[in-house]
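Peer 1: mmCIF, C-alpha atoms, saved as run-v2.cif, coming up:
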```
data_data
#
loop_
_atom_site.label_atom_id
_atom_site.label_comp_id
_atom_site.auth_asym_id
_atom_site.auth_seq_id
_atom_site.Cartn_x
_atom_site.Cartn_y
_atom_site.Cartn_z
CA MET A 719 -69.66 128.83 -56.16
CA ALA A 720 -67.74 125.58 -55.77
CA LYS A 721 -65.18 126.79 -58.25
CA ALA A 722 -63.75 129.49 -55.96
CA PRO A 723 -61.72 127.23 -53.59
CA PHE A 724 -60.38 125.29 -56.58
CA ARG A 725 -59.23 128.54 -58.18
CA SER A 726 -57.44 129.74 -55.08
CA LEU A 727 -55.75 126.34 -54.78
CA CYS A 728 -54.52 126.66 -58.36
CA ALA A 729 -53.23 130.18 -57.71
CA ALA A 730 -51.43 128.99 -54.59
CA LEU A 731 -49.82 126.09 -56.46
CA LEU A 732 -48.77 128.41 -59.28
CA GLY A 733 -47.28 130.86 -56.78
CA LEU A 734 -45.39 128.04 -55.08
CA PHE A 735 -44.07 126.86 -58.43
CA CYS A 736 -42.90 130.35 -59.38
CA ALA A 737 -41.20 130.82 -56.04
CA ALA A 738 -39.41 127.49 -56.44
CA LEU A 739 -38.32 128.43 -59.95
CA LEU A 740 -37.05 131.79 -58.75
CA LEU A 741 -35.09 130.21 -55.92
CA TRP A 742 -33.63 127.60 -58.24
CA THR A 743 -32.48 130.05 -60.95
CA GLY A 744 -31.29 132.47 -58.28
CA GLY A 745 -29.19 129.67 -56.85
CA VAL A 746 -27.70 128.93 -60.26
CA HIS A 747 -26.71 132.56 -60.76
CA ALA A 748 -25.19 132.78 -57.31
CA GLY A 749 -23.12 129.73 -58.18
CA GLN A 750 -21.82 131.35 -61.37
CA GLY A 751 -20.80 134.52 -59.63
CA ALA A 752 -18.88 132.62 -56.96
CA PRO A 753 -15.66 134.70 -57.03
CA ALA A 754 -17.65 137.92 -56.62
CA ALA A 755 -19.37 136.49 -53.60
CA VAL A 756 -16.04 135.56 -51.99
CA ASN A 757 -14.72 139.09 -51.72
CA PRO A 758 -16.74 141.90 -53.31
CA ALA A 759 -14.19 144.56 -52.35
CA LEU A 760 -11.41 142.66 -54.12
CA GLU A 761 -13.58 142.09 -57.20
CA LEU A 762 -14.32 145.80 -57.37
CA ARG A 763 -10.60 146.59 -57.36
CA VAL A 764 -9.94 143.91 -60.00
CA THR A 765 -12.63 145.39 -62.25
CA GLN A 766 -11.40 148.95 -61.75
CA LEU A 767 -7.84 147.95 -62.57
CA ALA A 768 -8.92 145.79 -65.50
CA GLN A 769 -10.60 148.85 -67.01
CA GLU A 770 -7.20 150.56 -67.15
CA LEU A 771 -5.55 147.71 -69.06
CA ARG A 772 -5.78 147.11 -72.77
CA CYS A 773 -6.55 143.71 -74.19
CA LEU A 774 -3.67 143.03 -76.57
CA VAL A 775 -5.62 140.60 -78.73
CA CYS A 776 -8.62 142.87 -79.32
CA GLN A 777 -6.87 146.19 -79.04
CA ASN A 778 -9.84 148.50 -78.66
CA GLN A 779 -11.17 146.74 -75.60
CA THR A 780 -10.04 146.74 -72.01
CA ILE A 781 -9.35 143.39 -70.40
CA ALA A 782 -12.43 144.05 -68.27
CA ASP A 783 -14.62 144.01 -71.40
CA SER A 784 -12.85 141.28 -73.33
CA GLN A 785 -13.51 137.57 -73.14
CA ALA A 786 -10.36 136.62 -75.09
CA PRO A 787 -8.41 133.87 -73.30
CA LEU A 788 -5.44 136.18 -72.75
CA ALA A 789 -7.66 138.87 -71.24
CA VAL A 790 -9.24 136.31 -68.89
CA GLU A 791 -5.78 135.07 -67.89
CA LEU A 792 -4.54 138.64 -67.29
CA LYS A 793 -7.61 139.34 -65.18
CA ASN A 794 -6.76 136.26 -63.12
CA GLN A 795 -3.23 137.60 -62.73
CA VAL A 796 -4.59 140.93 -61.50
CA ARG A 797 -6.87 139.13 -59.01
CA GLU A 798 -4.07 136.89 -57.73
CA GLN A 799 -1.66 139.74 -57.23
CA LEU A 800 -4.21 141.97 -55.50
CA ALA A 801 -5.22 139.07 -53.27
CA ARG A 802 -1.53 138.67 -52.34
CA GLY A 803 -1.72 142.22 -51.02
CA GLN A 804 0.05 144.06 -53.82
CA SER A 805 -0.89 147.63 -54.67
CA ASP A 806 -2.56 148.78 -57.88
CA GLN A 807 0.73 150.36 -58.95
CA ASP A 808 2.57 147.04 -58.44
CA VAL A 809 0.13 145.31 -60.78
CA ILE A 810 0.40 148.08 -63.39
CA ASP A 811 4.21 147.91 -63.21
CA PHE A 812 4.03 144.13 -63.65
CA MET A 813 1.96 144.54 -66.81
CA VAL A 814 4.02 147.39 -68.28
CA GLN A 815 7.22 145.43 -67.65
CA ARG A 816 5.85 142.63 -69.85
CA TYR A 817 3.71 144.36 -72.44
CA GLY A 818 5.06 147.91 -72.50
CA ASP A 819 3.11 151.17 -72.27
CA PHE A 820 0.78 149.87 -74.94
CA ILE A 821 -1.16 147.88 -72.34
CA LEU A 822 -2.16 151.10 -70.56
CA TYR A 823 -5.49 152.36 -71.81
CA ARG A 824 -4.44 155.83 -70.65
CA PRO A 825 -1.03 156.43 -72.18
CA PRO A 826 1.48 158.08 -69.80
CA VAL A 827 2.55 161.66 -70.48
CA LYS A 828 6.18 161.47 -71.60
CA ALA A 829 8.32 162.96 -74.36
CA SER A 830 7.22 160.34 -76.91
CA THR A 831 3.51 160.95 -76.23
CA TRP A 832 3.52 164.75 -76.11
CA LEU A 833 2.17 164.99 -79.63
CA LEU A 834 -0.65 162.60 -78.70
CA TRP A 835 -1.60 164.49 -75.54
CA PHE A 836 -1.07 168.08 -76.66
CA GLY A 837 -1.38 167.85 -80.45
CA PRO A 838 -5.16 168.45 -80.47
CA PHE A 839 -4.76 171.57 -78.31
CA VAL A 840 -2.03 172.86 -80.63
CA LEU A 841 -4.37 172.33 -83.58
CA LEU A 842 -7.16 174.12 -81.72
CA ALA A 843 -4.86 177.06 -80.94
CA LEU A 844 -3.75 177.25 -84.58
CA GLY A 845 -7.39 177.25 -85.70
CA LEU A 846 -8.29 180.02 -83.26
CA LEU A 847 -5.28 182.03 -84.41
CA ALA A 848 -6.32 181.67 -88.05
CA LEU A 849 -9.87 182.69 -87.16
CA LEU A 850 -8.65 185.76 -85.23
CA LEU A 851 -6.41 186.85 -88.09
CA LYS A 852 -9.27 186.45 -90.52
CA LEU A 853 -11.65 188.46 -88.31
CA ARG A 854 -9.15 191.28 -87.80
CA GLN A 855 -8.61 191.71 -91.52
CA LYS A 856 -10.30 194.86 -92.85
CA PRO A 857 -13.34 193.98 -94.88
CA ALA A 858 -12.55 193.98 -98.59
CA ALA A 859 -13.39 197.21 -100.48
CA PRO A 860 -16.85 197.06 -102.08
CA ALA A 861 -17.02 196.09 -105.72
CA ASP A 862 -16.41 198.83 -108.30
CA SER A 863 -19.12 201.39 -108.16
CA LEU A 864 -21.71 201.37 -110.90
CA THR A 865 -21.34 203.34 -114.07
CA ALA A 866 -23.73 206.13 -114.87
CA ALA A 867 -25.49 204.02 -117.51
CA GLU A 868 -26.02 201.16 -115.02
CA LEU A 869 -27.37 203.61 -112.45
CA THR A 870 -29.99 204.98 -114.80
CA HIS A 871 -30.87 201.43 -115.85
CA ALA A 872 -31.32 200.44 -112.20
CA ALA A 873 -33.38 203.52 -111.46
CA ALA A 874 -35.61 202.74 -114.43
CA LEU A 875 -36.10 199.17 -113.21
CA LEU A 876 -36.96 200.35 -109.71
CA ALA A 877 -39.45 202.80 -111.09
CA GLY A 878 -41.14 199.96 -112.96
CA GLU A 879 -40.38 201.32 -116.40
CA SER A 880 -38.96 199.30 -119.21
CA PRO A 881 -35.19 199.78 -119.41
CA PRO A 882 -34.07 202.40 -121.87
CA GLY A 883 -31.81 201.05 -124.54
CA GLU A 884 -30.11 197.63 -124.83
CA SER A 885 -26.55 198.91 -124.35
CA VAL A 886 -26.23 197.67 -120.77
CA PRO A 887 -24.87 194.10 -120.83
CA ALA A 888 -26.66 193.01 -117.66
CA ALA A 889 -30.00 193.93 -119.16
CA ARG A 890 -29.52 191.60 -122.07
CA SER A 891 -29.56 188.44 -120.05
CA ILE A 892 -32.90 189.11 -118.41
CA PRO A 893 -35.00 189.17 -121.59
CA VAL A 894 -33.27 185.97 -122.74
CA ILE A 895 -34.37 184.15 -119.62
CA THR A 896 -37.89 185.45 -119.88
CA THR A 897 -38.18 184.44 -123.49
CA VAL A 898 -36.94 180.93 -122.64
CA SER A 899 -39.44 180.57 -119.84
CA ASN A 900 -42.17 181.97 -122.09
CA ALA A 901 -41.23 179.50 -124.79
CA SER A 902 -41.32 176.57 -122.37
CA THR A 903 -44.66 177.57 -120.95
CA ALA A 904 -45.93 178.01 -124.45
CA ALA A 905 -44.62 174.57 -125.36
CA THR A 906 -46.32 172.90 -122.38
CA ALA A 907 -49.50 174.80 -123.15
CA SER A 908 -49.50 173.62 -126.75
CA THR A 909 -48.91 170.00 -125.80
CA ALA A 910 -51.65 170.24 -123.23
CA MET B 1077 -7.24 177.95 -109.86
CA LYS B 1078 -6.12 179.71 -106.69
CA ARG B 1079 -9.37 178.98 -104.83
CA PHE B 1080 -8.77 175.24 -105.27
CA ALA B 1081 -5.22 175.34 -103.92
CA LEU B 1082 -6.17 175.28 -100.22
CA PRO B 1083 -8.72 172.42 -100.30
CA LEU B 1084 -6.43 170.46 -102.60
CA GLY B 1085 -3.51 170.99 -100.23
CA ILE B 1086 -5.57 169.84 -97.24
CA PHE B 1087 -6.76 166.83 -99.20
CA LEU B 1088 -3.18 165.88 -100.10
CA ILE B 1089 -2.12 166.13 -96.45
CA LEU B 1090 -5.04 163.88 -95.46
CA LEU B 1091 -4.02 161.45 -98.21
CA VAL B 1092 -0.47 161.29 -96.84
CA PHE B 1093 -1.76 160.56 -93.32
CA LEU B 1094 -4.13 157.90 -94.67
CA GLY B 1095 -1.20 156.27 -96.47
CA ILE B 1096 0.88 156.24 -93.30
CA GLY B 1097 -2.05 154.86 -91.32
CA LEU B 1098 -2.59 152.03 -93.79
CA ARG B 1099 1.05 150.99 -93.52
CA LEU B 1100 1.07 150.83 -89.74
CA LYS B 1101 0.81 147.38 -88.23
CA PRO B 1102 -1.08 147.69 -84.96
CA GLN B 1103 -0.48 144.00 -84.27
CA GLU B 1104 3.23 144.67 -83.88
CA ILE B 1105 3.53 146.07 -80.40
CA PRO B 1106 7.07 147.14 -79.53
CA SER B 1107 8.40 144.66 -77.00
CA PRO B 1108 9.85 146.11 -73.80
CA PHE B 1109 12.17 143.08 -73.58
CA ILE B 1110 14.65 143.98 -76.30
CA GLY B 1111 18.09 144.27 -74.70
CA LYS B 1112 16.81 142.86 -71.40
CA PRO B 1113 17.58 139.47 -69.84
CA ALA B 1114 15.18 136.69 -70.85
CA PRO B 1115 12.83 136.07 -67.90
CA ALA B 1116 13.80 132.97 -65.91
CA PHE B 1117 11.50 129.96 -65.68
CA THR B 1118 11.64 126.24 -65.12
CA LEU B 1119 9.11 124.10 -66.96
CA THR B 1120 8.77 120.40 -67.64
CA LEU B 1121 9.36 119.16 -71.17
CA LEU B 1122 6.42 118.55 -73.45
CA HIS B 1123 7.46 115.00 -74.28
CA ASP B 1124 8.82 114.13 -70.83
CA ALA B 1125 7.21 115.40 -67.62
CA GLN B 1126 10.17 114.11 -65.61
CA LYS B 1127 12.71 116.43 -67.22
CA SER B 1128 12.72 120.19 -67.12
CA PHE B 1129 14.09 123.14 -69.06
CA SER B 1130 15.29 126.55 -67.96
CA PRO B 1131 16.78 129.38 -70.09
CA LYS B 1132 19.88 129.07 -67.87
CA ASP B 1133 20.63 125.79 -69.67
CA MET B 1134 21.27 127.75 -72.86
CA LEU B 1135 23.81 130.27 -71.48
CA GLY B 1136 26.78 130.53 -73.82
CA LYS B 1137 24.68 129.76 -76.88
CA VAL B 1138 22.72 131.90 -79.27
CA TRP B 1139 19.25 130.40 -79.43
CA VAL B 1140 15.69 131.00 -80.57
CA LEU B 1141 12.62 130.66 -78.39
CA ASN B 1142 9.46 130.03 -80.39
CA VAL B 1143 6.04 130.17 -78.74
CA TRP B 1144 3.58 127.76 -80.32
CA ALA B 1145 0.42 125.76 -79.67
CA SER B 1146 -1.35 122.91 -81.42
CA TRP B 1147 -4.52 125.04 -81.74
CA CYS B 1148 -2.63 127.77 -83.58
CA ALA B 1149 -2.97 127.62 -87.35
CA PRO B 1150 -0.22 130.16 -88.21
CA CYS B 1151 2.19 128.04 -86.14
CA ARG B 1152 1.75 125.30 -88.69
CA ALA B 1153 2.34 127.78 -91.50
CA GLU B 1154 5.70 128.84 -90.09
CA LEU B 1155 7.04 125.31 -89.56
CA PRO B 1156 8.87 125.13 -92.93
CA ALA B 1157 10.59 128.45 -92.21
CA LEU B 1158 11.70 127.21 -88.79
CA MET B 1159 12.97 123.97 -90.34
CA ALA B 1160 14.99 126.06 -92.82
CA LEU B 1161 16.39 128.12 -89.96
CA THR B 1162 17.73 125.07 -88.12
CA LYS B 1163 19.36 123.85 -91.33
CA GLU B 1164 20.89 127.12 -92.46
CA ALA B 1165 22.05 128.60 -89.18
CA ALA B 1166 22.58 125.52 -86.98
CA ILE B 1167 20.87 127.49 -84.20
CA PRO B 1168 18.90 125.57 -81.57
CA ILE B 1169 15.19 126.43 -81.51
CA VAL B 1170 13.43 125.83 -78.22
CA GLY B 1171 9.66 125.62 -78.35
CA LEU B 1172 7.40 127.05 -75.68
CA ASN B 1173 4.20 125.06 -75.93
CA TYR B 1174 1.66 127.62 -74.77
CA THR B 1175 -1.74 126.88 -73.14
CA ASP B 1176 -1.96 123.47 -74.75
CA THR B 1177 -2.27 119.87 -73.61
CA ARG B 1178 0.59 117.38 -73.67
CA SER B 1179 -1.20 114.89 -75.88
CA ALA B 1180 -2.35 117.47 -78.44
CA GLY B 1181 1.10 119.10 -78.55
CA ASN B 1182 2.97 115.84 -79.04
CA LYS B 1183 0.52 114.62 -81.65
CA TRP B 1184 0.93 117.92 -83.54
CA LEU B 1185 4.73 117.61 -83.60
CA ALA B 1186 4.49 113.98 -84.72
CA SER B 1187 2.19 114.77 -87.62
CA PHE B 1188 3.58 118.11 -88.91
CA GLY B 1189 7.27 117.94 -88.06
CA ASN B 1190 9.44 119.03 -85.16
CA PRO B 1191 11.97 121.82 -85.68
CA TYR B 1192 12.56 122.13 -81.92
CA GLN B 1193 15.49 120.86 -79.92
CA LEU B 1194 12.90 120.50 -77.20
CA SER B 1195 9.63 122.10 -76.17
CA ALA B 1196 8.88 123.40 -72.70
CA PHE B 1197 5.32 122.83 -71.54
CA ASP B 1198 3.56 126.00 -70.35
CA ALA B 1199 0.08 124.65 -69.64
CA ASP B 1200 -1.44 127.72 -67.95
CA GLY B 1201 0.42 130.34 -70.01
CA LYS B 1202 2.12 131.93 -66.97
CA VAL B 1203 5.55 131.86 -68.63
CA GLY B 1204 3.94 133.27 -71.78
CA ILE B 1205 2.72 136.25 -69.74
CA ASP B 1206 6.23 136.70 -68.29
CA TYR B 1207 7.49 136.99 -71.87
CA GLY B 1208 4.72 139.41 -72.84
CA VAL B 1209 3.16 136.95 -75.27
CA TYR B 1210 -0.14 138.27 -76.65
CA GLY B 1211 -0.56 136.17 -79.76
CA VAL B 1212 0.88 132.92 -80.97
CA PRO B 1213 3.30 132.37 -82.68
CA GLU B 1214 5.95 134.67 -81.32
CA THR B 1215 9.68 134.22 -81.72
CA PHE B 1216 12.54 135.55 -79.58
CA VAL B 1217 16.25 135.61 -80.40
CA ILE B 1218 18.37 135.28 -77.25
CA ASP B 1219 22.12 135.88 -77.18
CA LYS B 1220 24.95 134.03 -75.44
CA SER B 1221 24.57 135.95 -72.19
CA GLY B 1222 20.83 135.33 -72.04
CA PHE B 1223 19.61 138.72 -73.32
CA ILE B 1224 16.65 139.03 -75.69
CA ARG B 1225 17.87 140.69 -78.88
CA MET B 1226 14.83 140.47 -81.13
CA LYS B 1227 11.17 139.61 -81.00
CA HIS B 1228 9.08 138.64 -83.99
CA ALA B 1229 5.29 138.62 -83.60
CA GLY B 1230 3.24 136.44 -85.93
CA PRO B 1231 4.37 133.63 -88.21
CA VAL B 1232 7.95 133.64 -89.42
CA THR B 1233 8.27 133.54 -93.21
CA GLU B 1234 11.21 132.43 -95.34
CA ASP B 1235 11.83 136.11 -96.12
CA ASP B 1236 11.95 136.95 -92.41
CA ILE B 1237 14.55 134.21 -91.97
CA LYS B 1238 16.66 135.62 -94.79
CA ASP B 1239 16.30 139.32 -93.97
CA LYS B 1240 15.87 139.44 -90.21
CA PHE B 1241 17.01 136.27 -88.48
CA LEU B 1242 20.09 135.06 -90.36
CA PRO B 1243 21.98 138.42 -90.33
CA LEU B 1244 21.31 138.90 -86.62
CA LEU B 1245 22.13 135.30 -85.71
CA LYS B 1246 25.39 135.51 -87.67
CA GLU B 1247 26.32 138.72 -85.90
CA LEU B 1248 25.49 137.31 -82.45
CA SER B 1249 27.30 134.02 -83.05
CA GLY B 1250 30.38 135.77 -84.39
CA GLY B 1251 30.73 138.19 -81.48
#
```
Any chance you could give the structure as structure tokens?
Peer 2:
Amino acid sequence: MAKAPFRSLCAALLGLFCAALLLWTGGVHAGQGAPAAVNPALELRVTQLAQELRCLVCQNQTIADSQAPLAVELKNQVREQLARGQSDQDVIDFMVQRYGDFILYRPPVKASTWLLWFGPFVLLALGLLALLLKLRQKPAAPADSLTAAELTHAAALLAGESPPGESVPAARSIPVITTVSNASTAATASTA
Amino acid sequence: MKRFALPLGIFLILLVFLGIGLRLKPQEIPSPFIGKPAPAFTLTLLHDAQKSFSPKDMLGKVWVLNVWASWCAPCRAELPALMALTKEAAIPIVGLNYTDTRSAGNKWLASFGNPYQLSAFDADGKVGIDYGVYGVPETFVIDKSGFIRMKHAGPVTEDDIKDKFLPLLKELSGG
């Protein structure tokens, strides 16, 4: 019975400790994210714009994703210029002036990029055209009709009789296969 | 034979595209500065914080601007080629010491050699961004009226000097 107050004291101390820890780490994180805390609206614009710009060091990443020194520096440039009151287009122009269209993650539609933008659709259209032409072709004429000898042979097979005569070439291959399989089964049987 | 013609043809076309793709150099991004005036700047000198350099100082001369840093290994590799360039073409090379520290930059020049007439000190890389620098080293050829005529990304080799730089420098100096 005397243990109960001790337990609740322990729980209270533990809770206090956890709360202190949470506050402390929370404070550390708030400190790291200082720029975001200054002006969240500006940071949002910086991030949105950074997602449109290619990192030139690691070319398949945007500068928003990249931690390369140049990407960090370019992000700072974007932030500075937006904070100075410049528009998104001003910042994009600034970057294109220095690094060319290559810095745009979404390449602009112009004569030199037509193939890039419309090439896949042209390929798709060509594929559809080929498919249509193929479908509209008349189906090929059926294979040469059977000879009279083959017909009688087939009729005999369907009726379950043994084929008359060995003159039909197709009939020759079937007994060969059966003899081979018979031989192999016989061989396994004898070894067993 | 005829049934293999189509797949073989498609395969050959793919092979051609693969070959082209392998020869492309994605690191070489076409510079939008070719034929445009070199961006203006004023920076202090690497070895002397009291003096400054501006591209205006070079008007009337053909010159080479080379972006380098002490932390950049390929910059060290291209030093002999740059030395050869100063000897063979008598063209001033100006260094742009990019996102470096003064002490590290000066120590680097003292220990590996200094092909530069002078080096401008771009500590925060702002001038580098104005020149569209995305990797070090990068080298620009600037003509007498201050226009950028060529940009070379990556280390300069002796072959580059012979095939790319010397013919252009001769042409620009002659005109």
Peer 1: Using all atoms listed in the file, which protein or nucleic acid residues come within 7 Å of segment 1234-1244 of chain B? Drop anything in the same chain fewer than 5 positions from it, and give the result as a list in words.
Peer 2: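 That gives Ala1157, Leu1161 and Ala1165 of chain B.
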Peer 1: Up to 7 Å from chain A, what residues of chain B turn up? Count all atoms listed in the file and give them as a list of chain:residue names.
Peer 2: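 Therefore, the residues near the partner are B:Ser1107, B:Pro1108, B:Asp1206, B:Tyr1207, B:Gly1208, B:Tyr1210, B:Gly1211.
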Peer 1: Restrict the selected residues to C-alpha atoms and save them as a compact mmCIF listing (two decimals), keeping the file's coordinate frame.
Peer 2:
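Saved the output as result31.txt:
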```
# COMPACT_ATOMS: atom_id res chain seq x y z
CA SER B 1107 8.40 144.66 -77.00
CA PRO B 1108 9.85 146.11 -73.80
CA ASP B 1206 6.23 136.70 -68.29
CA TYR B 1207 7.49 136.99 -71.87
CA GLY B 1208 4.72 139.41 -72.84
CA TYR B 1210 -0.14 138.27 -76.65
CA GLY B 1211 -0.56 136.17 -79.76
```
Peer 1: Measuring atom to atom with all atoms listed in the file, identify which of B:Ile1089, B:Ala1196, B:Leu1172, B:Ala1166 is nearest to Cys1151 of chain B.
Peer 2: B:Leu1172
Peer 1: How far is it from atom CA of Gly1181 of chain B to atom CA of Lys1220 of chain B, in Å with one decimal?
Peer 2: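 Atom-to-atom, atom CA of Gly1181 of chain B and atom CA of Lys1220 of chain B are spaced 28.3 Å apart.
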Peer 1: Written as a list of chain:residue names, which residues does the PyMOL selection byres ((chain B and resi 1115) around 10) give for the file shown?
Peer 2: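 Going through the file, the PyMOL selection byres ((chain B and resi 1115) around 10) ends up selecting A:Arg816, B:Phe1109, B:Lys1112, B:Pro1113, B:Ala1114, B:Ala1116, B:Phe1117, B:Ser1130, B:Pro1131, B:Lys1132, B:Val1203, B:Asp1206, B:Tyr1207, B:Gly1222, B:Phe1223, B:Ile1224.
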Peer 1: Could you pull out every residue with an atom within 12 Å of (-12.8, 145.2, -59.3), file coordinates, counting only C-alpha atoms, and send them as an NGL selection string?
Peer 2: :A and (753-754 or 757-770 or 781-782 or 793-794 or 796-797 or 800-801 or 806)
Peer 1: Can you find the residues with an atom no farther than 12 Å from (-3.1, 131.6, -86.8), counting only C-alpha atoms, and report them as an MDAnalysis selection string?
Peer 2: chainID B and resid 1144:1154 1211:1214 1229:1232
Peer 1: Restricting the output to C-alpha atoms, write the selected residues as a compact mmCIF listing (two decimals), keeping the file's coordinate frame.
Peer 2:
```txt
# COMPACT_ATOMS: atom_id res chain seq x y z
CA TRP B 1144 3.58 127.76 -80.32
CA ALA B 1145 0.42 125.76 -79.67
CA SER B 1146 -1.35 122.91 -81.42
CA TRP B 1147 -4.52 125.04 -81.74
CA CYS B 1148 -2.63 127.77 -83.58
CA ALA B 1149 -2.97 127.62 -87.35
CA PRO B 1150 -0.22 130.16 -88.21
CA CYS B 1151 2.19 128.04 -86.14
CA ARG B 1152 1.75 125.30 -88.69
CA ALA B 1153 2.34 127.78 -91.50
CA GLU B 1154 5.70 128.84 -90.09
CA GLY B 1211 -0.56 136.17 -79.76
CA VAL B 1212 0.88 132.92 -80.97
CA PRO B 1213 3.30 132.37 -82.68
CA GLU B 1214 5.95 134.67 -81.32
CA ALA B 1229 5.29 138.62 -83.60
CA GLY B 1230 3.24 136.44 -85.93
CA PRO B 1231 4.37 133.63 -88.21
CA VAL B 1232 7.95 133.64 -89.42
```
Peer 1: Between atom CA of Ala1199 of chain B and atom CA of Met1134 of chain B, what distance in Å does the model show, to one decimal?
Peer 2: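 We find that atom CA of Ala1199 of chain B and atom CA of Met1134 of chain B lie 21.7 Å from each other.
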Peer 1: What does the distance from atom CA of Tyr1174 of chain B to atom CA of Lys1202 of chain B come to in Å, to one decimal?
Peer 2: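 Distance between the two atoms: 8.9 Å.
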Peer 1: Between B:Leu1122, B:Leu1094, B:Ile1169, B:Leu1245, single out the one closest to Trp1184 of chain B, counting all atoms listed in the file.
Peer 2: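 Answer, going by the shortest atom-to-atom distance: B:Leu1122.
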Peer 1: Taking 6 positions as the minimum chain separation for residues in the same chain, which residues sit within 10 Å of Asp1124 of chain B when counting all atoms listed in the file? Answer as a list in words.
Peer 2: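 Final neighbour list, sorted by chain and number: Arg1178, Leu1194, Ser1195, Ala1196 and Phe1197 of chain B.
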Peer 1: Just write the chosen residues, C-alpha atoms, as a JSON list (two decimals), keeping the file's coordinate frame.
Peer 2:
```
[["chain", "number", "residue", "atom", "x", "y", "z"],
["B", 1178, "ARG", "CA", 0.59, 117.38, -73.67],
["B", 1194, "LEU", "CA", 12.90, 120.50, -77.20],
["B", 1195, "SER", "CA", 9.63, 122.10, -76.17],
["B", 1196, "ALA", "CA", 8.88, 123.40, -72.70],
["B", 1197, "PHE", "CA", 5.32, 122.83, -71.54]]
```
